[in-house]
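Comments concern the structure below.
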Amino acid sequence: MSTQIIRPARTLQGSLAVPGDKSISHRYAMLAGLAEGTTRLSNFSTGADPHSSLACMEALGATVVHKEARTIEVTGVAGQFRQPAGPLDCGNSGSTMRMLAGLIASHPHTFTLIGDHSLSLRPMERIRKPLSQMGARLDLVDGHAPITIQGGPLHAIDFITPIPSAQVKTAVLFAGLQAEGTTSLTESILTRDHSEHALRAFGATLTRGSARGPDQARGPDESAKLSIPGGQRLQGIDATIPGDISSAAFFLCAALLFPDSNLVLDALGMNPTRAVLLDIIAALGGRIKVLSVEEHHGELIGSIQVNRAPTPPATAPFLISGALTAQVIDELPVLAAIAPYTANGLIIRDAQELRIKESDRIALVAQNLRAMGAALTELSDGLEIPGNQRLHGASIDSGDDHRIAMAFAIAALRATGDTEIQGAEVSAISFPEFFSSLDSLVQL
């Protein structure tokens, strides 16, 4: 276990292009593996998790070639995965395990999906239920991995997601793509829509809502309903993956810490279901200027400039709850880590999902903020963190969680004295270049 020392900074200045979006990289890798032809993916994520997805595609018969400058070429199996020689190792990646289960469930083989200790503790019943309704046979161990799938023909279902989960949605859509009939899925809270864009990019037909005439009323849930016809075949594509806004979140939060900060983020993913983070940054005291924006395969890519506004935007703590919590679930640790430094603080609710991520992120954030001298209230579903606090350096327990390690590296920039991040190497799960990128922007 490595230790990273973070010293207090004077400001944050410079420009940065973060690696490719982890969520999009996962989805493109899997669909490329299933598709016919060769897919070329530029700016593929450098994180370990999407490379677990690539390794699984290779085990299923796809050919993966690593080219220069974060470029990957995947030659797919044209809709026919082979029987893997051994278990499909998903590493630390819940995205790989849950989405892959839907992708392979219709193929006439026996698959075993395994992962590391952390992944083996995360809940998998949430995908077993819909896939079983479609006719798949999934065996779990007390609701967890390893997962054994006896693949075979699937039939369409009409599914309502019980929890907001883009991974569950994707598993159902990937299975529906290969099922008999048209599968429908309704979300009570809309989640990130990378899977919808990715499926269309590879040539699939996918619709939201139902076809109605201009004089026909639309039901209250129909805008959240997705439908995908089965039996579709995919074709390889050439795509550039936008920069990961969840990785950029650490630097966006760092820019809030200093009155004279000035940060430019280039080629950043600005998908509306993810870019709500920018609204939160503004509410916490950031000033954001969009410099450019364009569209690639349904995904928006842009450059932004961010610094700290001269005056606080509000007088009450900012509340993240309900649908907003679901949209920024990955960014909550770093938002909470810098909340004590904001003028008005932060309240996070409806975030129970954080307790079953790579770690109990609510508990670890609370533990580490207290170690730095912060006052806060830990709730069953979130945190209440007052603003205008002064923190000091401390020894931080990453809990083998990449987002905790990086979040507290950002919090340490404004602390008094040095901070030690224990287990800092875990940042490689999603962002191997994090600490070197931080060093390039921080001025001591």
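In the structure tokens, chains take the letters A, B, ... in the order shown, each chain's residues start at 1, and ligands count up from 1 in the order shown.
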Subject >> Polymer residues at most 10 Å from Pro317 of chain A, only C-alpha atoms, same-chain spacing of 2 or more positions, as a list in words >> reply: Ala283, Leu284, Ala314, Thr315, Leu319, Ile320, Ala339, Thr342, Ala343, Asn344, Gly345, Leu346, Ile347, Ile348, Glu384, Ile385, Pro386 and Gly387 of chain A
**OP:** Could you give me, as a VMD selection string, the residues within 8 Å of Ser53 of chain A, counting only C-alpha atoms and dropping anything in the same chain fewer than 2 positions from it?
**Re:** chain A and resid 26 29 to 30 49 to 51 55 to 57 90 96
Can those selected residues be exported to a file as a PDB file, in the first residue's frame so that it contains all heavy atoms?
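Output file part_12.pdb is given in full below:
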ATOM      1  N   HIS A  26     -16.620   1.604 -21.222  1.00  0.00           N
ATOM      2  CA  HIS A  26     -17.206   0.288 -20.940  1.00  0.00           C
ATOM      3  C   HIS A  26     -18.191  -0.115 -22.031  1.00  0.00           C
ATOM      4  O   HIS A  26     -18.136  -1.229 -22.571  1.00  0.00           O
ATOM      5  CB  HIS A  26     -17.985   0.328 -19.626  1.00  0.00           C
ATOM      6  CG  HIS A  26     -17.182   0.140 -18.390  1.00  0.00           C
ATOM      7  ND1 HIS A  26     -16.452  -1.005 -18.132  1.00  0.00           N
ATOM      8  CD2 HIS A  26     -17.016   0.934 -17.302  1.00  0.00           C
ATOM      9  CE1 HIS A  26     -15.873  -0.897 -16.941  1.00  0.00           C
ATOM     10  NE2 HIS A  26     -16.198   0.269 -16.428  1.00  0.00           N
ATOM     11  N   ALA A  29     -16.710  -0.659 -25.518  1.00  0.00           N
ATOM     12  CA  ALA A  29     -15.910  -1.889 -25.553  1.00  0.00           C
ATOM     13  C   ALA A  29     -16.804  -3.116 -25.713  1.00  0.00           C
ATOM     14  O   ALA A  29     -16.520  -4.010 -26.521  1.00  0.00           O
ATOM     15  CB  ALA A  29     -15.068  -2.004 -24.290  1.00  0.00           C
ATOM     16  N   MET A  30     -17.888  -3.158 -24.949  1.00  0.00           N
ATOM     17  CA  MET A  30     -18.773  -4.328 -24.989  1.00  0.00           C
ATOM     18  C   MET A  30     -19.517  -4.421 -26.313  1.00  0.00           C
ATOM     19  O   MET A  30     -19.612  -5.511 -26.907  1.00  0.00           O
ATOM     20  CB  MET A  30     -19.753  -4.273 -23.824  1.00  0.00           C
ATOM     21  CG  MET A  30     -19.103  -4.473 -22.478  1.00  0.00           C
ATOM     22  SD  MET A  30     -20.322  -4.574 -21.149  1.00  0.00           S
ATOM     23  CE  MET A  30     -19.263  -4.382 -19.733  1.00  0.00           C
ATOM     24  N   ASP A  49     -10.799  -0.346 -14.780  1.00  0.00           N
ATOM     25  CA  ASP A  49     -12.131  -0.941 -14.934  1.00  0.00           C
ATOM     26  C   ASP A  49     -12.518  -1.189 -16.391  1.00  0.00           C
ATOM     27  O   ASP A  49     -12.920  -2.312 -16.744  1.00  0.00           O
ATOM     28  CB  ASP A  49     -13.181  -0.074 -14.244  1.00  0.00           C
ATOM     29  CG  ASP A  49     -13.226  -0.289 -12.735  1.00  0.00           C
ATOM     30  OD1 ASP A  49     -12.447  -1.113 -12.229  1.00  0.00           O
ATOM     31  OD2 ASP A  49     -14.057   0.369 -12.076  1.00  0.00           O
ATOM     32  N   PRO A  50     -12.458  -0.200 -17.290  1.00  0.00           N
ATOM     33  CA  PRO A  50     -12.832  -0.475 -18.679  1.00  0.00           C
ATOM     34  C   PRO A  50     -11.922  -1.499 -19.353  1.00  0.00           C
ATOM     35  O   PRO A  50     -12.348  -2.194 -20.286  1.00  0.00           O
ATOM     36  CB  PRO A  50     -12.730   0.900 -19.353  1.00  0.00           C
ATOM     37  CG  PRO A  50     -12.920   1.872 -18.247  1.00  0.00           C
ATOM     38  CD  PRO A  50     -12.237   1.240 -17.073  1.00  0.00           C
ATOM     39  N   HIS A  51     -10.682  -1.609 -18.871  1.00  0.00           N
ATOM     40  CA  HIS A  51      -9.799  -2.624 -19.434  1.00  0.00           C
ATOM     41  C   HIS A  51     -10.192  -4.023 -18.965  1.00  0.00           C
ATOM     42  O   HIS A  51      -9.878  -5.013 -19.645  1.00  0.00           O
ATOM     43  CB  HIS A  51      -8.348  -2.274 -19.121  1.00  0.00           C
ATOM     44  CG  HIS A  51      -7.853  -1.117 -19.942  1.00  0.00           C
ATOM     45  ND1 HIS A  51      -7.175  -1.267 -21.115  1.00  0.00           N
ATOM     46  CD2 HIS A  51      -8.010   0.230 -19.772  1.00  0.00           C
ATOM     47  CE1 HIS A  51      -6.901  -0.077 -21.637  1.00  0.00           C
ATOM     48  NE2 HIS A  51      -7.398   0.845 -20.827  1.00  0.00           N
ATOM     49  N   ALA A  55     -10.813  -7.057 -21.573  1.00  0.00           N
ATOM     50  CA  ALA A  55     -10.283  -8.412 -21.363  1.00  0.00           C
ATOM     51  C   ALA A  55     -11.394  -9.454 -21.470  1.00  0.00           C
ATOM     52  O   ALA A  55     -11.182 -10.544 -22.015  1.00  0.00           O
ATOM     53  CB  ALA A  55      -9.593  -8.497 -20.002  1.00  0.00           C
ATOM     54  N   CYS A  56     -12.568  -9.125 -20.972  1.00  0.00           N
ATOM     55  CA  CYS A  56     -13.701 -10.053 -21.085  1.00  0.00           C
ATOM     56  C   CYS A  56     -14.114 -10.232 -22.539  1.00  0.00           C
ATOM     57  O   CYS A  56     -14.474 -11.342 -22.966  1.00  0.00           O
ATOM     58  CB  CYS A  56     -14.879  -9.546 -20.249  1.00  0.00           C
ATOM     59  SG  CYS A  56     -14.645  -9.702 -18.466  1.00  0.00           S
ATOM     60  N   MET A  57     -14.057  -9.147 -23.334  1.00  0.00           N
ATOM     61  CA  MET A  57     -14.379  -9.270 -24.758  1.00  0.00           C
ATOM     62  C   MET A  57     -13.396 -10.204 -25.453  1.00  0.00           C
ATOM     63  O   MET A  57     -13.782 -11.025 -26.296  1.00  0.00           O
ATOM     64  CB  MET A  57     -14.373  -7.891 -25.422  1.00  0.00           C
ATOM     65  CG  MET A  57     -15.513  -6.970 -24.999  1.00  0.00           C
ATOM     66  SD  MET A  57     -17.160  -7.673 -25.302  1.00  0.00           S
ATOM     67  CE  MET A  57     -17.589  -8.280 -23.674  1.00  0.00           C
ATOM     68  N   CYS A  90     -13.940  -9.756 -13.908  1.00  0.00           N
ATOM     69  CA  CYS A  90     -14.389  -8.368 -13.992  1.00  0.00           C
ATOM     70  C   CYS A  90     -13.574  -7.440 -13.097  1.00  0.00           C
ATOM     71  O   CYS A  90     -13.889  -6.242 -13.017  1.00  0.00           O
ATOM     72  CB  CYS A  90     -15.872  -8.277 -13.626  1.00  0.00           C
ATOM     73  SG  CYS A  90     -16.938  -9.318 -14.656  1.00  0.00           S
ATOM     74  N   THR A  96     -18.673  -3.598 -15.398  1.00  0.00           N
ATOM     75  CA  THR A  96     -18.386  -4.749 -16.248  1.00  0.00           C
ATOM     76  C   THR A  96     -19.300  -5.915 -15.899  1.00  0.00           C
ATOM     77  O   THR A  96     -19.953  -6.500 -16.767  1.00  0.00           O
ATOM     78  CB  THR A  96     -16.918  -5.172 -16.105  1.00  0.00           C
ATOM     79  OG1 THR A  96     -16.080  -4.085 -16.475  1.00  0.00           O
ATOM     80  CG2 THR A  96     -16.606  -6.368 -16.977  1.00  0.00           C
TER      81      THR A  96
END
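The protein and nucleic acid residues lying at most 9 Å from Leu206 of chain A are Glu196, Leu199, Arg200, Leu226, Ser227, Ile228 and Pro229 of chain A, with only C-alpha atoms considered and sequence neighbours fewer than 3 positions away removed.
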Selection to disk with C-alpha atoms, as an mmCIF file, in the first residue's frame:
data_model
loop_
_atom_site.group_PDB
_atom_site.id
_atom_site.type_symbol
_atom_site.label_atom_id
_atom_site.label_comp_id
_atom_site.auth_asym_id
_atom_site.auth_seq_id
_atom_site.Cartn_x
_atom_site.Cartn_y
_atom_site.Cartn_z
ATOM 1 C CA GLU A 196 -28.840 4.714 -25.451
ATOM 2 C CA LEU A 199 -26.513 1.486 -29.007
ATOM 3 C CA ARG A 200 -27.629 3.958 -31.649
ATOM 4 C CA LEU A 226 -37.332 2.930 -23.409
ATOM 5 C CA SER A 227 -38.112 0.278 -26.008
ATOM 6 C CA ILE A 228 -35.627 -1.848 -27.940
ATOM 7 C CA PRO A 229 -36.570 -4.459 -30.574
#
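Across the structure, atom CA of Glu58 of chain A and atom CA of Lys357 of chain A are spaced 26.6 Å apart.
For the residues A:Asp397, A:Asp381, A:Asp350, A:Asp439, ranking by smallest atom-to-atom distance to Leu369 of chain A using only C-alpha atoms places A:Asp397 first.
Using only C-alpha atoms, the nearest neighbour of Val65 of chain A within the list A:Arg192, A:Arg98, A:Arg355, A:Arg40 is A:Arg40.
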